[in-house]
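Here's the structure we're looking at; comments come further down.
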Amino acid sequence: MNLPSPAQRLHLARSFAAAGFAVAFGASAVPVQVPLATQAMLIGKILSYDRSLAGKGKLRVLVLGEGAESVAEAFNAGGLQAEAINTTALGRKLVEHGIVYADDVQRDDRAAGIGRMDVGASVVYWLPGADKGRIKALCEQHKVLSLSGVSAMADDGTVSVGLGTRPDGAPQIIINLQRSKVEAHEFSTDLLRLARIVQ
């Protein structure tokens, strides 16, 4: 993987310094602090610095939880390839998107040719309300990178990467190294220098 030039690293750092906001889903405020357009931009950059995804082709972001449809729509507008799904469908979606067979895929699905399709690897973006235990198990089983706009989910090891804000309101990337190791993802040192690391 080619390392970014100094100018590219400066651009990345400036991107991370964009202003942040609090957003709400439904009637209750959710601790998602970075606007979705900014999240889409940051997620695209984060994925480009994930050495484990190098050469995987186009990546699909599977969005789960409360407000998933509106988040997926905003991510698509921001240049990502995103899709809102429910937790029940996650195992099958990971199969369709070229990870590995899920344990719960039925034999008739396998006979129908569901397997490694040429659509690239998937990453999972969590929102509150998603089935925490099942999604963690599937991400670990299929070595799928997990992300969230709720920074606390990276702090507690629910996801590998969280997006939050610094005390001055600027966006901040949080990387949980233990969780990312379980999911078999490795980030470049350029990204790690800019992120807040949780061991």
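Just so we're on the same page: first chain in the structure tokens is A, next is B, and so on; residues restart at 1 for each chain, and ligands are numbered from 1 in the order they show up.
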| said: Env of Leu177 of chain A: 8 Å cut, atoms = only C-alpha atoms, seq-sep filter 6 positions within chain, self excluded. Answer as a list in words. | reply: Ser160, Ile197, Val198 and Gln199 of chain A
Could you please take those selected residues and save all heavy atoms as a short mmCIF file (atom, residue, chain, number, x, y, z; two decimals), in the first residue's frame?
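Result written to result.cif:
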data_model
loop_
_atom_site.label_atom_id
_atom_site.label_comp_id
_atom_site.auth_asym_id
_atom_site.auth_seq_id
_atom_site.Cartn_x
_atom_site.Cartn_y
_atom_site.Cartn_z
N SER A 160 -14.59 -1.28 16.31
CA SER A 160 -13.17 -0.99 16.12
C SER A 160 -12.91 0.50 15.99
O SER A 160 -11.90 1.01 16.48
CB SER A 160 -12.64 -1.70 14.87
OG SER A 160 -12.57 -3.08 15.07
N ILE A 197 -6.28 6.61 20.49
CA ILE A 197 -6.13 5.15 20.53
C ILE A 197 -6.64 4.61 21.87
O ILE A 197 -6.30 5.12 22.94
CB ILE A 197 -4.67 4.74 20.33
CG1 ILE A 197 -4.13 5.31 19.01
CG2 ILE A 197 -4.52 3.23 20.38
CD1 ILE A 197 -4.89 4.85 17.78
N VAL A 198 -7.46 3.57 21.77
CA VAL A 198 -7.88 2.82 22.95
C VAL A 198 -7.21 1.46 22.88
O VAL A 198 -7.36 0.73 21.89
CB VAL A 198 -9.41 2.64 22.97
CG1 VAL A 198 -9.84 1.83 24.20
CG2 VAL A 198 -10.11 4.00 22.96
N GLN A 199 -6.41 1.13 23.87
CA GLN A 199 -5.66 -0.14 23.87
C GLN A 199 -6.57 -1.32 24.19
O GLN A 199 -7.53 -1.18 24.91
CB GLN A 199 -4.53 -0.07 24.89
CG GLN A 199 -3.52 1.01 24.57
CD GLN A 199 -2.67 0.73 23.33
OE1 GLN A 199 -2.59 -0.40 22.85
NE2 GLN A 199 -2.02 1.77 22.80
#
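Ranking A:Ser52, A:Gln39, A:Gln33, A:Asn86 by their shortest atom-to-atom distance to Ile135 of chain A, with only C-alpha atoms included, puts A:Asn86 first.
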